[in-house]
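Structure file protein.txt (compact mmCIF, C-alpha atoms) is printed below.
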```txt
# COMPACT_ATOMS: atom_id res chain seq x y z
CA MET A 1133 -35.92 -112.44 -25.22
CA ASN A 1134 -33.98 -115.14 -27.03
CA PHE A 1135 -32.42 -118.16 -25.32
CA TYR A 1136 -29.09 -116.52 -24.48
CA GLN A 1137 -30.74 -113.39 -23.16
CA GLN A 1138 -32.97 -115.48 -20.92
CA ILE A 1139 -30.17 -117.52 -19.35
CA GLN A 1140 -28.21 -114.33 -18.68
CA GLN A 1141 -30.94 -113.52 -16.16
CA LEU A 1142 -30.35 -116.76 -14.23
CA ASN A 1143 -28.19 -116.62 -11.12
CA PHE A 1144 -28.19 -119.31 -8.43
CA PRO A 1145 -25.12 -118.64 -6.27
CA ALA A 1146 -23.42 -121.48 -4.41
CA PRO A 1147 -20.22 -121.37 -2.36
CA LEU A 1148 -17.10 -122.32 -4.30
CA PRO A 1149 -13.72 -123.35 -2.87
CA HIS A 1150 -11.18 -120.54 -2.97
CA THR A 1151 -8.35 -122.92 -3.84
CA LEU A 1152 -7.90 -126.31 -5.49
CA LEU A 1153 -5.24 -128.93 -4.86
CA ARG A 1154 -3.34 -129.81 -8.03
CA VAL A 1155 -2.81 -133.55 -8.13
CA GLU A 1156 -0.59 -135.83 -10.19
CA GLN A 1157 -1.88 -139.32 -10.99
CA ARG A 1158 0.73 -141.91 -12.00
CA PHE A 1159 0.21 -145.00 -14.13
CA ASP A 1160 2.59 -147.82 -15.01
CA CYS A 1161 2.50 -147.97 -18.79
CA PRO A 1162 4.29 -149.68 -21.69
CA LEU A 1163 5.42 -147.32 -24.44
CA VAL A 1164 6.47 -147.73 -28.08
CA GLU A 1165 9.70 -145.78 -28.54
CA ASP A 1166 10.00 -145.93 -32.34
CA ILE A 1167 6.52 -145.64 -33.88
CA ALA A 1168 7.65 -145.94 -37.51
CA ALA A 1169 9.86 -148.98 -36.91
CA ASP A 1170 7.19 -150.78 -34.89
CA THR A 1171 4.60 -150.08 -37.58
CA ALA A 1172 6.83 -151.55 -40.27
CA ASN A 1173 7.65 -154.56 -38.10
CA ALA A 1174 3.96 -155.15 -37.36
CA LEU A 1175 3.15 -155.23 -41.08
CA ASN A 1176 6.12 -157.41 -41.97
CA GLN A 1177 5.56 -159.92 -39.18
CA SER A 1178 1.78 -160.23 -39.58
CA GLY A 1179 1.74 -162.00 -42.93
CA ILE A 1180 -0.44 -159.29 -44.48
CA LEU A 1181 2.21 -158.23 -46.97
CA SER A 1182 2.64 -161.73 -48.39
CA GLN A 1183 -0.71 -161.26 -50.13
CA ILE A 1184 0.39 -158.05 -51.90
CA SER A 1185 2.47 -157.82 -55.07
CA PRO A 1186 4.41 -154.92 -56.61
CA GLY A 1187 2.10 -152.59 -58.51
CA ASP A 1188 -0.99 -153.55 -56.48
CA SER A 1189 -3.28 -150.79 -55.25
CA VAL A 1190 -3.86 -150.76 -51.47
CA ALA A 1191 -6.59 -148.76 -49.73
CA LEU A 1192 -5.53 -147.81 -46.21
CA GLY A 1193 -8.61 -147.17 -44.07
CA VAL A 1194 -8.06 -144.47 -41.45
CA GLY A 1195 -10.60 -143.36 -38.85
CA SER A 1196 -11.45 -140.11 -37.11
CA ARG A 1197 -10.67 -140.72 -33.45
CA GLY A 1198 -7.90 -138.90 -31.60
CA ILE A 1199 -5.33 -141.67 -31.96
CA ALA A 1200 -1.84 -140.82 -30.72
CA ASN A 1201 0.84 -140.72 -33.43
CA LEU A 1202 -1.76 -141.49 -36.09
CA ALA A 1203 -0.01 -139.64 -38.92
CA THR A 1204 3.30 -141.32 -38.06
CA VAL A 1205 1.68 -144.77 -38.16
CA VAL A 1206 -0.07 -144.03 -41.47
CA LYS A 1207 3.13 -142.65 -43.06
CA ALA A 1208 5.12 -145.68 -41.92
CA ALA A 1209 2.49 -148.00 -43.40
CA VAL A 1210 2.56 -146.04 -46.67
CA ASP A 1211 6.37 -146.14 -46.76
CA THR A 1212 6.42 -149.88 -46.07
CA LEU A 1213 3.94 -150.59 -48.85
CA LYS A 1214 5.75 -148.31 -51.29
CA GLY A 1215 9.01 -150.00 -50.34
CA MET A 1216 7.69 -153.30 -51.68
CA GLY A 1217 6.42 -151.65 -54.85
CA ALA A 1218 2.73 -151.38 -53.94
CA GLU A 1219 0.62 -148.29 -54.59
CA PRO A 1220 -1.13 -147.23 -51.35
CA PHE A 1221 -3.72 -144.50 -50.91
CA ILE A 1222 -5.84 -143.34 -47.96
CA ILE A 1223 -9.60 -143.68 -47.51
CA PRO A 1224 -11.62 -142.25 -44.60
CA ALA A 1225 -13.13 -145.22 -42.73
CA MET A 1226 -15.34 -143.39 -40.26
CA GLY A 1227 -19.01 -144.18 -40.81
CA SER A 1228 -21.13 -141.04 -40.53
CA HIS A 1229 -18.57 -138.73 -38.95
CA ALA A 1230 -17.79 -135.22 -40.20
CA GLY A 1231 -21.33 -134.59 -41.37
CA ALA A 1232 -21.39 -137.81 -43.43
CA THR A 1233 -19.82 -136.12 -46.47
CA ALA A 1234 -16.71 -137.08 -48.42
CA GLU A 1235 -15.43 -133.51 -48.14
CA GLY A 1236 -16.03 -133.41 -44.39
CA GLN A 1237 -14.28 -136.72 -43.83
CA THR A 1238 -11.28 -135.64 -45.90
CA GLU A 1239 -11.07 -132.46 -43.86
CA MET A 1240 -11.30 -134.52 -40.67
CA LEU A 1241 -8.27 -136.55 -41.75
CA HIS A 1242 -6.40 -133.33 -42.52
CA ASN A 1243 -7.20 -132.03 -39.05
CA LEU A 1244 -5.77 -135.23 -37.59
CA GLY A 1245 -2.52 -134.63 -39.46
CA VAL A 1246 -3.21 -137.20 -42.16
CA THR A 1247 -2.57 -135.18 -45.32
CA PRO A 1248 -1.04 -136.29 -48.63
CA GLU A 1249 1.99 -134.10 -47.91
CA VAL A 1250 2.60 -135.67 -44.49
CA VAL A 1251 1.89 -139.35 -45.19
CA GLY A 1252 2.99 -139.51 -48.82
CA ALA A 1253 -0.26 -140.84 -50.28
CA GLU A 1254 -3.38 -139.25 -51.71
CA ILE A 1255 -6.77 -139.35 -49.97
CA ARG A 1256 -9.72 -140.70 -51.95
CA ALA A 1257 -13.10 -140.26 -50.31
CA THR A 1258 -16.65 -141.26 -51.10
CA MET A 1259 -19.87 -142.01 -49.26
CA GLU A 1260 -21.05 -144.48 -51.91
CA VAL A 1261 -21.10 -148.14 -50.88
CA ARG A 1262 -21.64 -151.59 -52.33
CA GLU A 1263 -23.34 -154.47 -50.53
CA ILE A 1264 -20.80 -157.25 -49.91
CA GLY A 1265 -22.79 -159.78 -47.91
CA GLN A 1266 -25.61 -160.54 -45.51
CA LEU A 1267 -25.41 -161.70 -41.91
CA ALA A 1268 -27.48 -164.76 -41.10
CA ASP A 1269 -30.61 -163.42 -39.37
CA GLY A 1270 -29.00 -160.00 -39.47
CA PRO A 1271 -28.42 -156.89 -41.60
CA PRO A 1272 -26.61 -156.56 -44.93
CA LEU A 1273 -22.99 -155.40 -44.92
CA TYR A 1274 -21.34 -152.75 -47.09
CA GLN A 1275 -17.98 -151.47 -48.31
CA ASP A 1276 -17.27 -148.09 -49.84
CA ILE A 1277 -16.77 -148.33 -53.59
CA ILE A 1278 -13.28 -146.83 -53.67
CA SER A 1279 -11.76 -149.36 -51.27
CA HIS A 1280 -13.85 -152.09 -52.94
CA GLU A 1281 -12.25 -151.33 -56.31
CA ALA A 1282 -8.70 -151.47 -54.92
CA GLU A 1283 -6.83 -154.77 -55.07
CA HIS A 1284 -6.34 -154.78 -51.29
CA SER A 1285 -7.62 -152.98 -48.20
CA ILE A 1286 -5.84 -152.59 -44.85
CA LEU A 1287 -7.34 -150.88 -41.80
CA ILE A 1288 -5.58 -148.76 -39.17
CA ASN A 1289 -7.40 -148.26 -35.88
CA ARG A 1290 -7.08 -148.23 -32.11
CA VAL A 1291 -8.43 -151.18 -30.13
CA LYS A 1292 -10.23 -149.95 -27.02
CA PRO A 1293 -13.30 -150.49 -24.86
CA HIS A 1294 -16.49 -149.33 -26.56
CA THR A 1295 -18.44 -146.51 -24.96
CA SER A 1296 -21.82 -148.27 -25.29
CA PHE A 1297 -21.45 -151.98 -24.58
CA ARG A 1298 -19.28 -154.81 -23.23
CA SER A 1299 -18.39 -157.82 -25.36
CA LYS A 1300 -15.48 -159.94 -26.57
CA ILE A 1301 -15.04 -157.54 -29.52
CA GLU A 1302 -15.70 -153.83 -29.05
CA SER A 1303 -14.00 -150.83 -30.70
CA GLY A 1304 -11.24 -151.78 -33.09
CA LEU A 1305 -10.64 -153.28 -36.50
CA ALA A 1306 -13.83 -155.35 -36.67
CA LYS A 1307 -15.95 -152.29 -35.91
CA MET A 1308 -14.01 -150.23 -38.44
CA ALA A 1309 -14.70 -152.84 -41.12
CA VAL A 1310 -18.44 -152.91 -40.49
CA ILE A 1311 -19.13 -149.27 -39.68
CA GLY A 1312 -16.07 -147.46 -41.08
CA LEU A 1313 -15.94 -149.11 -44.50
CA GLY A 1314 -19.73 -149.23 -44.51
CA LYS A 1315 -19.91 -145.44 -44.31
CA GLN A 1316 -23.14 -143.79 -43.15
CA HIS A 1317 -25.29 -146.48 -44.79
CA GLY A 1318 -23.48 -149.34 -43.09
CA ALA A 1319 -23.28 -147.48 -39.78
CA ALA A 1320 -27.00 -146.70 -39.77
CA THR A 1321 -27.92 -150.27 -40.75
CA MET A 1322 -25.82 -151.77 -37.96
CA HIS A 1323 -26.87 -149.24 -35.32
CA ALA A 1324 -30.52 -149.83 -36.16
CA ASN A 1325 -30.11 -153.13 -34.33
CA GLY A 1326 -29.13 -151.29 -31.14
CA VAL A 1327 -26.58 -152.37 -28.56
CA GLU A 1328 -27.44 -156.06 -28.88
CA GLY A 1329 -26.77 -155.88 -32.60
CA LEU A 1330 -23.27 -154.54 -32.04
CA LYS A 1331 -22.58 -157.24 -29.46
CA THR A 1332 -23.91 -159.99 -31.71
CA TYR A 1333 -22.80 -159.05 -35.20
CA LEU A 1334 -19.27 -157.57 -35.14
CA ALA A 1335 -17.43 -160.90 -34.91
CA PRO A 1336 -19.47 -162.82 -37.54
CA ALA A 1337 -19.46 -159.76 -39.82
CA SER A 1338 -15.66 -159.87 -39.75
CA ARG A 1339 -15.77 -163.35 -41.30
CA ILE A 1340 -17.80 -162.02 -44.22
CA TYR A 1341 -15.35 -159.15 -44.80
CA GLU A 1342 -12.53 -161.71 -44.66
CA LYS A 1343 -14.10 -164.00 -47.26
CA GLU A 1344 -16.05 -161.65 -49.52
CA THR A 1345 -13.88 -158.53 -49.79
CA ASN A 1346 -10.31 -157.45 -50.45
CA LEU A 1347 -9.65 -156.86 -46.74
CA ARG A 1348 -6.20 -158.29 -45.99
CA GLY A 1349 -5.83 -157.20 -42.37
CA GLY A 1350 -5.10 -154.22 -40.23
CA LEU A 1351 -2.84 -152.43 -37.80
CA ALA A 1352 -4.26 -152.57 -34.27
CA ILE A 1353 -3.02 -149.83 -31.94
CA VAL A 1354 -3.24 -150.13 -28.16
CA GLU A 1355 -2.72 -147.01 -26.04
CA ASN A 1356 -1.67 -146.53 -22.44
CA ALA A 1357 -3.18 -144.38 -19.70
CA TYR A 1358 -1.26 -141.33 -20.93
CA ASP A 1359 -2.84 -141.50 -24.40
CA GLU A 1360 0.46 -142.77 -25.82
CA THR A 1361 1.15 -145.70 -28.12
CA ALA A 1362 1.69 -148.84 -26.04
CA GLU A 1363 1.69 -151.47 -28.80
CA ILE A 1364 1.18 -151.81 -32.57
CA VAL A 1365 0.12 -155.23 -33.82
CA GLY A 1366 -0.61 -156.45 -37.32
CA LEU A 1367 -3.68 -158.67 -37.68
CA THR A 1368 -4.61 -160.64 -40.77
CA ALA A 1369 -8.22 -160.52 -41.96
CA ALA A 1370 -8.76 -163.91 -40.29
CA GLU A 1371 -7.60 -162.46 -36.95
CA ILE A 1372 -9.83 -159.38 -37.09
CA GLY A 1373 -12.89 -159.90 -34.87
CA ALA A 1374 -11.36 -163.10 -33.47
CA ASP A 1375 -9.27 -164.13 -30.45
CA LYS A 1376 -6.23 -162.01 -31.22
CA GLU A 1377 -8.27 -158.80 -31.39
CA ALA A 1378 -10.12 -159.86 -28.23
CA GLN A 1379 -6.80 -160.28 -26.41
CA LEU A 1380 -5.71 -156.80 -27.46
CA LEU A 1381 -9.01 -155.43 -26.13
CA GLU A 1382 -8.32 -156.97 -22.72
CA LYS A 1383 -4.87 -155.40 -22.71
CA ALA A 1384 -6.34 -152.02 -23.63
CA LYS A 1385 -8.81 -152.28 -20.76
CA SER A 1386 -6.01 -153.06 -18.31
CA LEU A 1387 -4.10 -149.95 -19.40
CA MET A 1388 -6.95 -147.44 -19.27
CA ALA A 1389 -6.71 -144.35 -17.11
CA SER A 1390 -9.44 -143.83 -14.53
CA LEU A 1391 -10.70 -141.31 -12.01
CA PRO A 1392 -9.13 -142.11 -8.64
CA PHE A 1393 -12.05 -141.49 -6.26
CA PRO A 1394 -15.00 -143.82 -5.54
CA GLU A 1395 -17.37 -140.84 -5.18
CA ILE A 1396 -17.30 -137.35 -6.74
CA ASP A 1397 -20.11 -134.90 -6.10
CA VAL A 1398 -19.25 -132.52 -8.97
CA LEU A 1399 -17.00 -133.34 -11.91
CA VAL A 1400 -15.95 -130.28 -13.92
CA VAL A 1401 -14.75 -131.16 -17.43
CA ARG A 1402 -12.95 -128.49 -19.39
CA GLU A 1403 -13.86 -129.87 -22.83
CA LEU A 1404 -15.51 -132.70 -24.72
CA GLY A 1405 -15.17 -133.69 -28.35
CA LYS A 1406 -15.09 -136.47 -30.90
CA ASN A 1407 -11.28 -136.37 -30.84
CA ILE A 1408 -11.48 -137.24 -27.13
CA SER A 1409 -14.00 -140.07 -27.46
CA GLY A 1410 -16.73 -141.13 -29.82
CA THR A 1411 -19.14 -139.99 -27.11
CA GLY A 1412 -17.31 -136.74 -26.41
CA MET A 1413 -16.47 -138.01 -22.93
CA ASP A 1414 -15.39 -141.61 -22.45
CA THR A 1415 -18.21 -143.48 -20.73
CA ASN A 1416 -15.65 -145.93 -19.36
CA VAL A 1417 -14.21 -143.04 -17.31
CA ILE A 1418 -17.37 -141.26 -16.15
CA LYS A 1419 -19.41 -144.50 -15.90
CA ARG A 1420 -22.48 -143.10 -17.63
CA LEU A 1421 -24.00 -144.82 -20.66
CA LYS A 1422 -27.30 -142.96 -21.15
CA ILE A 1423 -28.72 -145.49 -23.60
CA PRO A 1424 -32.43 -146.32 -23.43
CA ARG A 1425 -33.09 -149.73 -21.84
CA GLN A 1426 -29.44 -150.23 -20.90
CA VAL A 1427 -28.43 -150.56 -17.24
CA GLU A 1428 -26.01 -147.91 -16.02
CA PRO A 1429 -22.55 -149.08 -14.80
CA THR A 1430 -22.21 -149.79 -11.10
CA ASP A 1431 -18.44 -150.23 -10.87
CA GLY A 1432 -17.76 -146.56 -10.05
CA PRO A 1433 -16.80 -143.87 -9.71
CA ASP A 1434 -20.16 -142.62 -8.49
CA ILE A 1435 -20.43 -139.09 -9.94
CA SER A 1436 -23.45 -137.05 -8.93
CA THR A 1437 -23.30 -134.15 -11.41
CA ILE A 1438 -21.09 -133.32 -14.37
CA THR A 1439 -20.59 -129.88 -15.88
CA VAL A 1440 -18.76 -129.37 -19.19
CA LEU A 1441 -17.38 -125.96 -20.07
CA ASP A 1442 -16.36 -126.15 -23.74
CA LEU A 1443 -15.98 -128.15 -26.96
CA THR A 1444 -12.62 -129.04 -28.45
CA GLU A 1445 -11.69 -127.20 -31.61
CA ALA A 1446 -11.05 -130.52 -33.37
CA THR A 1447 -14.63 -131.72 -32.87
CA HIS A 1448 -15.89 -129.02 -35.29
CA GLY A 1449 -19.11 -128.42 -33.41
CA ASN A 1450 -20.04 -132.10 -33.05
CA SER A 1451 -21.12 -132.05 -29.41
CA ASN A 1452 -22.12 -135.71 -29.25
CA GLY A 1453 -21.94 -136.72 -25.60
CA MET A 1454 -23.07 -133.43 -24.11
CA GLY A 1455 -26.18 -135.31 -23.00
CA LEU A 1456 -23.94 -137.24 -20.61
CA ALA A 1457 -23.47 -134.00 -18.68
CA ASN A 1458 -25.93 -132.27 -16.37
CA VAL A 1459 -24.85 -128.68 -17.02
CA VAL A 1460 -23.03 -126.95 -19.89
CA THR A 1461 -22.10 -123.36 -20.66
CA ALA A 1462 -23.48 -120.92 -23.20
CA ARG A 1463 -20.01 -120.96 -24.75
CA LEU A 1464 -20.39 -124.66 -25.50
CA ALA A 1465 -23.97 -124.28 -26.72
CA SER A 1466 -22.98 -121.52 -29.15
CA LYS A 1467 -20.44 -123.81 -30.83
CA VAL A 1468 -22.77 -126.75 -31.54
CA ASP A 1469 -23.08 -127.77 -35.18
CA TRP A 1470 -26.60 -129.20 -35.07
CA GLN A 1471 -26.36 -130.77 -38.51
CA ALA A 1472 -23.20 -132.65 -37.52
CA ILE A 1473 -24.46 -133.86 -34.15
CA TYR A 1474 -27.89 -134.90 -35.38
CA THR A 1475 -26.44 -136.72 -38.39
CA ASN A 1476 -24.01 -138.56 -36.14
CA SER A 1477 -26.58 -139.27 -33.43
CA LEU A 1478 -29.42 -140.43 -35.68
CA THR A 1479 -27.01 -142.67 -37.58
CA SER A 1480 -26.18 -144.20 -34.18
CA GLY A 1481 -29.86 -144.98 -33.59
CA VAL A 1482 -30.75 -145.69 -29.98
CA LEU A 1483 -27.16 -144.92 -28.90
CA GLY A 1484 -27.64 -141.25 -29.75
CA MET A 1485 -31.04 -140.52 -28.25
CA TRP A 1486 -29.87 -139.14 -24.90
CA ARG A 1487 -26.29 -138.30 -25.73
CA ALA A 1488 -27.24 -135.60 -28.24
CA SER A 1489 -29.54 -133.80 -25.80
CA MET A 1490 -28.68 -130.29 -24.65
CA PRO A 1491 -28.34 -130.25 -20.85
CA MET A 1492 -29.17 -127.36 -18.55
CA THR A 1493 -27.26 -124.41 -19.97
CA MET A 1494 -25.83 -121.61 -17.84
CA ALA A 1495 -24.46 -118.30 -19.04
CA ASP A 1496 -20.85 -118.77 -17.92
CA ASP A 1497 -18.34 -121.11 -16.26
CA LYS A 1498 -18.96 -119.89 -12.73
CA ARG A 1499 -22.72 -120.26 -12.89
CA ALA A 1500 -22.42 -123.66 -14.60
CA ILE A 1501 -20.27 -125.00 -11.77
CA GLN A 1502 -22.57 -123.46 -9.15
CA ALA A 1503 -25.60 -125.08 -10.80
CA ALA A 1504 -23.87 -128.46 -10.67
CA ILE A 1505 -23.11 -127.93 -6.97
CA ILE A 1506 -26.71 -127.02 -6.21
CA GLY A 1507 -27.90 -130.15 -8.01
CA CYS A 1508 -25.37 -132.64 -6.64
CA GLY A 1509 -27.49 -133.73 -3.67
CA GLU A 1510 -24.97 -132.74 -1.00
CA PRO A 1511 -24.73 -129.55 1.10
CA ALA A 1512 -22.97 -127.02 -1.09
CA GLU A 1513 -20.25 -126.37 1.51
CA GLU A 1514 -19.43 -130.10 1.63
CA ALA A 1515 -19.47 -130.90 -2.10
CA ARG A 1516 -16.41 -132.79 -3.32
CA LEU A 1517 -15.26 -131.28 -6.61
CA ALA A 1518 -12.82 -132.68 -9.18
CA PHE A 1519 -11.66 -130.79 -12.27
CA ILE A 1520 -10.22 -132.53 -15.35
CA ARG A 1521 -9.22 -131.29 -18.80
CA ASN A 1522 -11.02 -134.15 -20.54
CA THR A 1523 -11.50 -137.89 -20.12
CA LEU A 1524 -8.30 -138.68 -22.04
CA THR A 1525 -6.06 -136.58 -19.81
CA LEU A 1526 -6.22 -137.89 -16.26
CA ASP A 1527 -2.58 -137.67 -15.17
CA GLU A 1528 -3.25 -134.19 -13.76
CA LEU A 1529 -6.40 -133.09 -11.98
CA TRP A 1530 -7.54 -130.46 -9.50
CA VAL A 1531 -9.68 -131.22 -6.46
CA SER A 1532 -11.43 -129.33 -3.70
CA PRO A 1533 -9.62 -129.21 -0.32
CA ASN A 1534 -12.03 -131.72 1.25
CA LEU A 1535 -10.50 -134.43 -0.98
CA SER A 1536 -6.94 -133.83 0.26
CA GLU A 1537 -7.04 -136.76 2.70
CA ALA A 1538 -8.20 -139.09 -0.09
CA VAL A 1539 -5.28 -137.85 -2.17
CA GLU A 1540 -2.79 -138.56 0.63
CA ASN A 1541 -4.10 -142.11 1.07
CA HIS A 1542 -4.16 -143.03 -2.63
CA PRO A 1543 -1.10 -144.93 -3.96
CA ARG A 1544 -1.30 -143.36 -7.45
CA LEU A 1545 -1.76 -139.75 -6.31
CA THR A 1546 0.57 -136.97 -5.23
CA GLY A 1547 -0.62 -133.54 -4.15
CA LEU A 1548 1.58 -130.95 -5.86
CA ASP A 1549 0.45 -127.45 -4.90
CA GLU A 1550 -2.56 -125.25 -4.31
CA VAL A 1551 -3.93 -123.05 -7.07
CA PRO A 1552 -6.71 -120.46 -6.89
CA LEU A 1553 -10.14 -121.06 -8.39
CA THR A 1554 -10.90 -117.71 -10.00
CA PHE A 1555 -13.21 -116.16 -12.58
CA ASP A 1556 -13.23 -112.83 -14.39
CA GLU A 1557 -16.03 -110.27 -14.19
CA ASP A 1558 -17.95 -112.15 -16.89
CA GLY A 1559 -17.84 -115.44 -15.00
CA ALA A 1560 -15.23 -117.02 -17.30
CA MET A 1561 -12.73 -119.21 -15.49
CA THR A 1562 -9.21 -117.77 -15.24
CA SER A 1563 -7.66 -120.43 -12.96
CA PRO A 1564 -6.84 -123.29 -13.03
CA TRP A 1565 -7.71 -122.79 -16.72
CA LYS A 1566 -8.42 -119.85 -18.94
CA LEU A 1567 -10.90 -120.73 -21.66
CA ARG A 1568 -10.79 -117.53 -23.67
```

What is this structure when it is put down as C-alpha cells?
Amino acid sequence: MNFYQQIQQLNFPAPLPHTLLRVEQRFDCPLVEDIAADTANALNQSGILSQISPGDSVALGVGSRGIANLATVVKAAVDTLKGMGAEPFIIPAMGSHAGATAEGQTEMLHNLGVTPEVVGAEIRATMEVREIGQLADGPPLYQDIISHEAEHSILINRVKPHTSFRSKIESGLAKMAVIGLGKQHGAATMHANGVEGLKTYLAPASRIYEKETNLRGGLAIVENAYDETAEIVGLTAAEIGADKEAQLLEKAKSLMASLPFPEIDVLVVRELGKNISGTGMDTNVIKRLKIPRQVEPTDGPDISTITVLDLTEATHGNSNGMGLANVVTARLASKVDWQAIYTNSLTSGVLGMWRASMPMTMADDKRAIQAAIIGCGEPAEEARLAFIRNTLTLDELWVSPNLSEAVENHPRLTGLDEVPLTFDEDGAMTSPWKLR
C-alpha cells in the first residue's frame, strides 16, 4: 500500500463538540482611507524624489508577501514617478521565493495583482546578482543585476515583526534590501549565519546598500489587526535599517492581532500559506518558532496541538510552516510542491529545518482534528478548541462551548451565535467551513 492508502486505514475516534460558538474579536485600528494619495504623499514628503531626474530609470522592488492593497500602492508609486518624468519598472525582490526562478517570481507578482496592465509598468526579473560590498566580519552582500543597472532603486515592503527573531530591525525594508535584492544567492548567504546573523547584520548591511548602490529609499507599509493598511511612510536610504524603521516596527507590533485566550488545547487552522506569512502561519500569533537552538516563546498563548487542514491557493504548493503544526490532512499533503518548499527552506538554512517537516498526516479533516484532540494532553471531553481561518484573520473565530465563559469575560470578544460542527461521509468539514 502507498502512503495515502495506509493512512486511510487509520481511525482514532475522539469526541467532538456538536456546536461551536462563533465569536467576533474587535481591535482598535488606524486605517488609511486613500491608499493612492497616501502613497504619493509618502514619496513626495520623504525626500526620495529629489534624487531622481526626468528620464531616469527607477527599479521598484516588490516582494511576495500578502500585503494589503499592494497593487494600489505599486501603481500609485509608478504614477508618481511617471508624473515627474521618470521611467519606473518593477523587479521581484523576494529572495528564493517562487522556486527561485525569474519566471516563478514574475508569476508570483501577477498572482498578487502586480501586473504591467494593472500598475502601468513592466516587470523585469532575473536571479543573477552582483556583489556590492562586504560586511565587516560578515558575509558579502548582493544586488540583482537588473536593479543594479537602473539609475535608482526604491523598495516597497511591509514592516512587521519577523517570524524567527526579535531585534531592533526585523522584517521590512532593510531585510528586503539584503535578502530581496540579493535573490537566492544573497538570501542563502545571509541565512547561513542563522538567527544571530539576521539580528546582527541587517542594520549595518543597510549602510552598505545606502553608500554602495543606487538604493534611494523605500515605502514602508504598516498594517493593522484586520490586515488593512494603517500607515504608508517613505524612508530614505539613510533611514532604512535605522531608527525610523525601528519605530515603525514598534508600531506594527502594537497593532498586531492575537489569539484571545491564554491557553488553547487544540487550534484548528483552516489554511496556511506564504501569502499569509513567510512561515505559513505567523509565529507571533501561534508562539511557536521551531528553530534549532532557539528558545520557544513563553508569552502565550499556550497552544498544546495545532492541526492545519489546507494550503492557500496563492501559496502554489509551498507548504513552508507545516512543521509548526502537529497534524495535517491528506488534502494538504497532496498539494505540497516539494521543489518549492525545499528550495525555500534550504535557502533559509537553520530556519527551515523543522518548519518544512511533514507532520502527522490524517486522511481527512475529522480524523485530523480527532488526532489533535487525542494528543493535546487533556481529557478529550474537556479539550478547549479554537478554529481560525488563518493567522492573518483573527477578527472571527469559532470556539468549543467550554470556552464560552472566557468569551463573556474578555473585553475584545462578543459571542454571536452557535453553529454546528459537521462533516460529510468522507470526513470533510462542512461547517463552519466547507473546504471542497

Could you tell me which of A:Phe1393, A:Thr1368, A:Lys1207, A:His1448 comes closest to Glu1537 (chain A) if we count all atoms listed in the file?
A:Phe1393

Hey, which of A:Ala1232, A:Ile1501, A:Ala1389, A:Val1194 ends up closest to Val1401 (chain A)? Count only C-alpha atoms.
A:Ile1501

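Counting all atoms listed in the file, the residue from A:Met1226, A:Leu1244, A:Ile1438, A:Ala1234 that sits nearest to Val1206 (chain A) is A:Leu1244.
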
Selection: 8 Å around Asn1534 (chain A), all atoms listed in the file, excl. self and same-chain fewer than 2 positions, as a PyMOL selection string:
chain A and resi 1514+1516+1532+1536-1537

Find the nearest atom pair between each residue of region 1249-1308 of chain A and region 1403-1416 of chain A for residues within 9 Å, count all atoms listed in the file, give distances in Å to one decimal, sort rows by chain and ascending number, and present the table as JSON lines.
```
{"residue": "A:Pro1293", "atom": "CA", "partner": "A:Asn1416", "partner_atom": "CA", "distance": 7.5}
{"residue": "A:His1294", "atom": "CA", "partner": "A:Asn1416", "partner_atom": "CA", "distance": 8.0}
{"residue": "A:Thr1295", "atom": "CA", "partner": "A:Thr1415", "partner_atom": "CA", "distance": 5.2}
{"residue": "A:Ser1296", "atom": "CA", "partner": "A:Thr1415", "partner_atom": "CA", "distance": 7.5}
```

Skipping near chain neighbours, those fewer than 5 positions away, what residues fall within 8 Å of His1323 (chain A) using all atoms listed in the file, listed as an MDAnalysis selection string?
chainID A and resid 1329:1330 1479:1483

Long-range neighbours of Arg1499 (chain A) as a PyMOL selection string, 10 Å cut-off, all atoms listed in the file, 2 positions minimum in chain:
chain A and resi 1140+1142-1146+1459-1461+1493-1497+1501-1505+1559-1560

Leaving out Pro1424 (chain A) and any residue of its chain fewer than 6 positions from it, which residues lie within 10 Å of it when counting all atoms listed in the file, given as number ranges by chain?
A: 1326-1327, 1482-1486

Centre, x/y/z edge lengths, axis-aligned box for region 1135-1142 of chain A with 4 Å per side, as lines of an AutoDock Vina configuration file:
```
center_x = -30.6
center_y = -115.8
center_z = -19.8
size_x = 12.8
size_y = 12.8
size_z = 19.1
```

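Residues lying within 12 Å of Gly1236 (chain A), counting all atoms listed in the file and ignoring same-chain neighbours fewer than 3 positions away, are A:Ser1196, A:Pro1224, A:Met1226, A:Gly1227, A:Ser1228, A:His1229, A:Ala1230, A:Gly1231, A:Ala1232, A:Thr1233, A:Glu1239, A:Met1240, A:Leu1241, A:His1242, A:Asn1243, A:Ala1257, A:Thr1258, A:Met1259, A:Thr1447, A:His1448, A:Ala1472.
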
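When CA of Met1388 (chain A) is paired with CA of Leu1287 (chain A), their separation reads 22.8 Å.
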
Quote the spacing between CA of Tyr1358 (chain A) and CA of Glu1428 (chain A) in Å to one decimal place.
26.1 Å

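Atom pair CA of Gln1183 (chain A) / CA of Ile1288 (chain A): separated by 17.3 Å.
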
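Among A:Leu1478, A:Arg1256, A:Ser1299, A:Thr1212, the residue with the shortest atom-to-atom distance to Asn1173 (chain A), counting only C-alpha atoms, is A:Thr1212.
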
For Leu1567 (chain A), which residue out of A:Ile1311, A:Thr1171, A:Ile1223, A:Leu1441 is the nearest one, using all atoms listed in the file?
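Under the stated criterion, the closest residue is A:Leu1441.
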
Given only C-alpha atoms as the counted atoms, nearest of A:Ala1352, A:Ile1199, A:Leu1152, A:Ile1255 to Ala1518 (chain A):
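Ranked by minimum distance to Ala1518 (chain A), first place goes to A:Leu1152.
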
Counting all atoms listed in the file, which residues have an atom no more than 10 Å from (-13.9, -160.1, -44.9) in the file's coordinates? Please list them as a ChimeraX atom specification.
/A:1264-1265,1306,1309-1310,1336-1349,1369-1370,1372
